[in-house]
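**Student:** After the structure tokens below, expect a handful of questions from me.
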Amino acid sequence: MKRWMMRRTPVGTAKMCEEMGIAAATACALSHRGIVDAEKAEKFLNPNLSDLYDGYLMKDMEKGLELVENAIKQGKKIAVYGDYDVDGVMSSTILTKTIKRCGGNVIYYVPHRKEEGYGLNTDAVAHLAKEGVELLFTCDNGIAAAKEVAYAKERGMKVLLLDHHEPPFAEGRDGNFRDVLPDADAIINPKQRKCTYSFNLLCAAGISYKFSCLLLQRFGIFDMILEKELLSFAAVATVCDIVDLLEENRILVQVGLKEIQHTTNIGLRVLLEETGLGEKPITEYHLGFVIGPCINATGRLEGAELAVELFCAEEEGKAREIAKHLVVLNEERKKMTEEAAERMEQLVEKKEQKQKVLVLYDAKTDESIAGIVAGRIKDKYYQPVILLTEGKEGAKGSARSIPPYHIFESLFACKELFTRFGGHAMAAGLSLPHENIPILEKQLNDACALTEEDMTPIMRLEKQLGFGEINLHLAKELQMLAPFGKGNPAPLFASKGIWVKRLDLIGKRRDMLRMTLMEGTTGKLLTGISFDGYDTLLEILKRLYPEENCDTIIKRGQLPMALDIVYRVEVNTYNGMESVQLMIQDFRETK
């Protein structure tokens with residue numbers, strides 16, 4: 001069961017409807033996102049790159065640009081040091097392509113997930129020093145690498161850090177907190193306490209895009225084709241890094257999606273083609289669930305430098321070869337994930353005592369997919385999950401949590417059990433000796449104060465609608481609020497007393513519901529689709545009728561009771577014809 005909560009609508013939506021000529025449902029959705037007048041709505045609905053803040057306002061941006069500019073002009077070797085996820089790959093690609101375009105002697109380095117782990121490491125720094133690197137330029141990492149930065153400085157390197165993660169901090173004698181930063185030559189990170197930049201939720205690729213545009217300007221290079229490619233990379237990373245899709249992030253993604261649609265980047269184009277998206281309108285869904293996983297698969301199963309190579313490729317044959325390999329790797333990753341998730345579900349069901357914090361150990365699960373699988377189990381059971389597998393030295397794994405439970409703080413209270421851990425409110429990584437696993441499980445559950453209400457997911461609704469308010473025009477209006485994601489979820493609406501006049505089971509497993517819905521008070525009909533509602537429907541029927549009759553009722557294709565439904569209003573296109581369609585997210589029996 002999910003909790004349905006209607007959002008409180010601020011005053012003034014009626015005026016916005018009148019001024020902008022929009023539906024009440026659209027005005028409600030805008031107001032719930034802090035858009036309460038026509039001027040703000042215009043900027044939200046029609047974002048423009050000119051609305052981005054001046055990158056020079058970011059702390060150390062000027063210093064960082066000078067470091068790179070001087071290194072290029074003096075012919076010094078520059079190493080862009082990235083990370084093995086989408087944000088790290090795209091940041092590395094953006095900076096490498098830009099520095100090369102400016103005439104720089106540049107290489108990229110992406111650490112291996114299993115062999116090196118996240119971020120800077122001294123072995124990699126030593127290797128780069130031997131290669132003659134004089135400027136070490138990190139992206140999507142480095143803010144907590146004080147020891148490694150000091151080592152690079154000892155080896156004669158200049159160090160520029162570009163990151164978006166929270167800086168380490170300490171409490172001073174006056175009770176105020178201060179950042180504890182590496183001794184780098186410049187640190188570009190809007191999350192620094194001394195950075196007054198107006199928006200601190202950019203991912204690393206977003207910051208890299210702004211840096212690169214300014215660097216091109218300093219060299220007097222006006223290359224619109226390259227800048228559009230860089231924007232496309234920043235858009236992919238912004239979606240895949242799950243940062244809030246508001247303000248600058250919204251601008252980067254919405255404008256970037258238009259460029260991705262007809263990208264000139266060979267690597268990105270062939271990857272779209274190899275994933276079956278070549279002729280389709282590209283949305284944030286495709287970035288997050290098709291393109292992103294292919295990029296991530298390289299870092300999980302092989303080495304993420306392969307993805308950087310793809311997007312820097314200048315020859316189509318080589319690019320297509322890499323793109324095909326990425327797709328194969330992702331299929332392998334999906335199979336591994338499905339098998340591991342099934343094993344974890346069985347582990348949960350076998351547990352004798354129901355626990356609020358699920359601590360699971362499975363030596364068969366590859367550590368590279370532990371986070372994905374932990375997220376799957378968290379979503380299914382809506383509980384904090386720690387999934388541990390076999391590491392080089394003991395157990396190693398990932399944690400995923402739900403909003404009411406701060407997983408990092410909970411792990412910090414058990415810090416003596418770990419050889420290594422780190423993270424934030426919703427996710428963490430950890431390593432510990434095998435013998436400490438049951439101790440961790442007990443300590444976390446003994447201290448856990450989650451209630452049943454906390455462990456019930458919430459669906460926040462924009463407005464209750466009558467079917468008379470729902471039409472194709474509204475569906476298209478609501479589309480203008482996209483891209484949807486963290487900070488800007490797709491609007492959800494509710495209707496009461498809805499009868500299912502026709503029910504068909506569709507999909508490979510015949511477990512998806514296609515419905516003809518009728519509003520009880522007006523008789524108006526609409527089409528609805530539910531991708532995951534079969535089990536919910538079965539539960540409702542079993543509460544009302546003998547179990548042996550439930551299959552017969554479903555097969556008959558007409559339900560004998562009214563439902564209250566929660567849904568998204570979307571445009572369905574079939575054979576060139578458009579119609580409105582409700583994407584059902586949840587339903588329950590009308591009381």
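Chain labels follow the order of the structure tokens: the first chain is A, the next B, and so on; residue numbering restarts at 1 in every chain, and ligands are counted from 1 in their shown order.
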Check the DSSP output for the backbone and give back, as a PyMOL selection string, the residues of segment 433-472 of chain A in strand (DSSP E).
**Tutor:** chain A and resi 458-461+463-464
**Student:** Can you spit out the residues from that selection as a compact mmCIF listing (two decimals), in the first residue's frame, using N, CA and C atoms?
**Tutor:**
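After the write, selection.txt holds the following:
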# COMPACT_ATOMS: atom_id res chain seq x y z
N ILE A 458 5.12 7.34 -0.19
CA ILE A 458 4.15 8.42 -0.36
C ILE A 458 4.04 8.79 -1.83
N MET A 459 2.80 8.97 -2.29
CA MET A 459 2.55 9.50 -3.62
C MET A 459 1.95 10.90 -3.44
N ARG A 460 2.67 11.91 -3.90
CA ARG A 460 2.22 13.30 -3.73
C ARG A 460 1.45 13.73 -4.97
N LEU A 461 0.20 14.09 -4.76
CA LEU A 461 -0.73 14.36 -5.87
C LEU A 461 -0.90 15.86 -6.08
N LYS A 463 -3.56 17.31 -7.89
CA LYS A 463 -4.95 17.77 -7.90
C LYS A 463 -5.86 16.57 -8.17
N GLN A 464 -7.08 16.63 -7.64
CA GLN A 464 -8.09 15.64 -8.01
C GLN A 464 -8.81 16.15 -9.26
**Student:** If we count only C-alpha atoms and set the cut-off at 10 Å, which residues sit around segment 207-210 of chain A, ignoring sequence neighbours fewer than 4 positions away in its own chain? Please answer as an NGL selection string.
**Tutor:** :A and (52-56 or 58 or 61 or 90-95 or 98 or 139-140 or 162-164 or 188-190 or 200-203 or 214-215 or 227 or 229-235 or 252)
**Student:** Select, from A:Ile540, A:Ile372, A:Leu160, A:Glu284, the residue with the minimum atom-to-atom distance to Ile553 of chain A, counting only C-alpha atoms.
**Tutor:**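 The answer is A:Ile540, which sits nearest to Ile553 of chain A.
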**Student:** Quick check, in Å to one decimal: how far apart do atom CA of Glu393 of chain A and atom CA of Glu367 of chain A lie?
**Tutor:**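 Between atom CA of Glu393 of chain A and atom CA of Glu367 of chain A the gap is 12.6 Å.
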**Student:** As a list in words, please: the residues near Pro483 of chain A (cut-off 9 Å, only C-alpha atoms, same-chain neighbours under 5 positions excluded).
**Tutor:**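 After dropping sequence-adjacent residues, the list is Val239, Leu245, Arg250, Val253, Gln254, Thr283, Glu284, Tyr285, Asn488, Pro489 and Ala490 of chain A.
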**Student:** Hey, what's within 12 Å of Thr522 of chain A if we count only C-alpha atoms and toss same-chain stuff fewer than 6 positions away? As a ChimeraX atom specification, please?
**Tutor:** /A:466-469,496-499
**Student:** Run DSSP on the backbone and grab whatever in segment 57-202 of chain A lands in alpha helix (DSSP H); send it over as a VMD selection string.
**Tutor:** chain A and resid 61 to 73 86 to 101 122 to 130 146 to 154
**Student:** One number please: atom CA of Leu49 of chain A to atom CA of Glu248 of chain A, in Å, one decimal.
**Tutor:**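 Rounded to one decimal, the two atoms are 8.6 Å apart.
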**Student:** So what do you get for atom CA of Asn265 of chain A versus atom CA of Val236 of chain A, distance-wise?
**Tutor:**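 It comes out at 13.3 Å.
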**Student:** May I ask which of the residues A:Ala447, A:Ala41, A:Ile78, A:Leu478 is the closest one to Ala23 of chain A, counting only C-alpha atoms?
**Tutor:**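 Under the stated criterion, the closest residue is A:Leu478.
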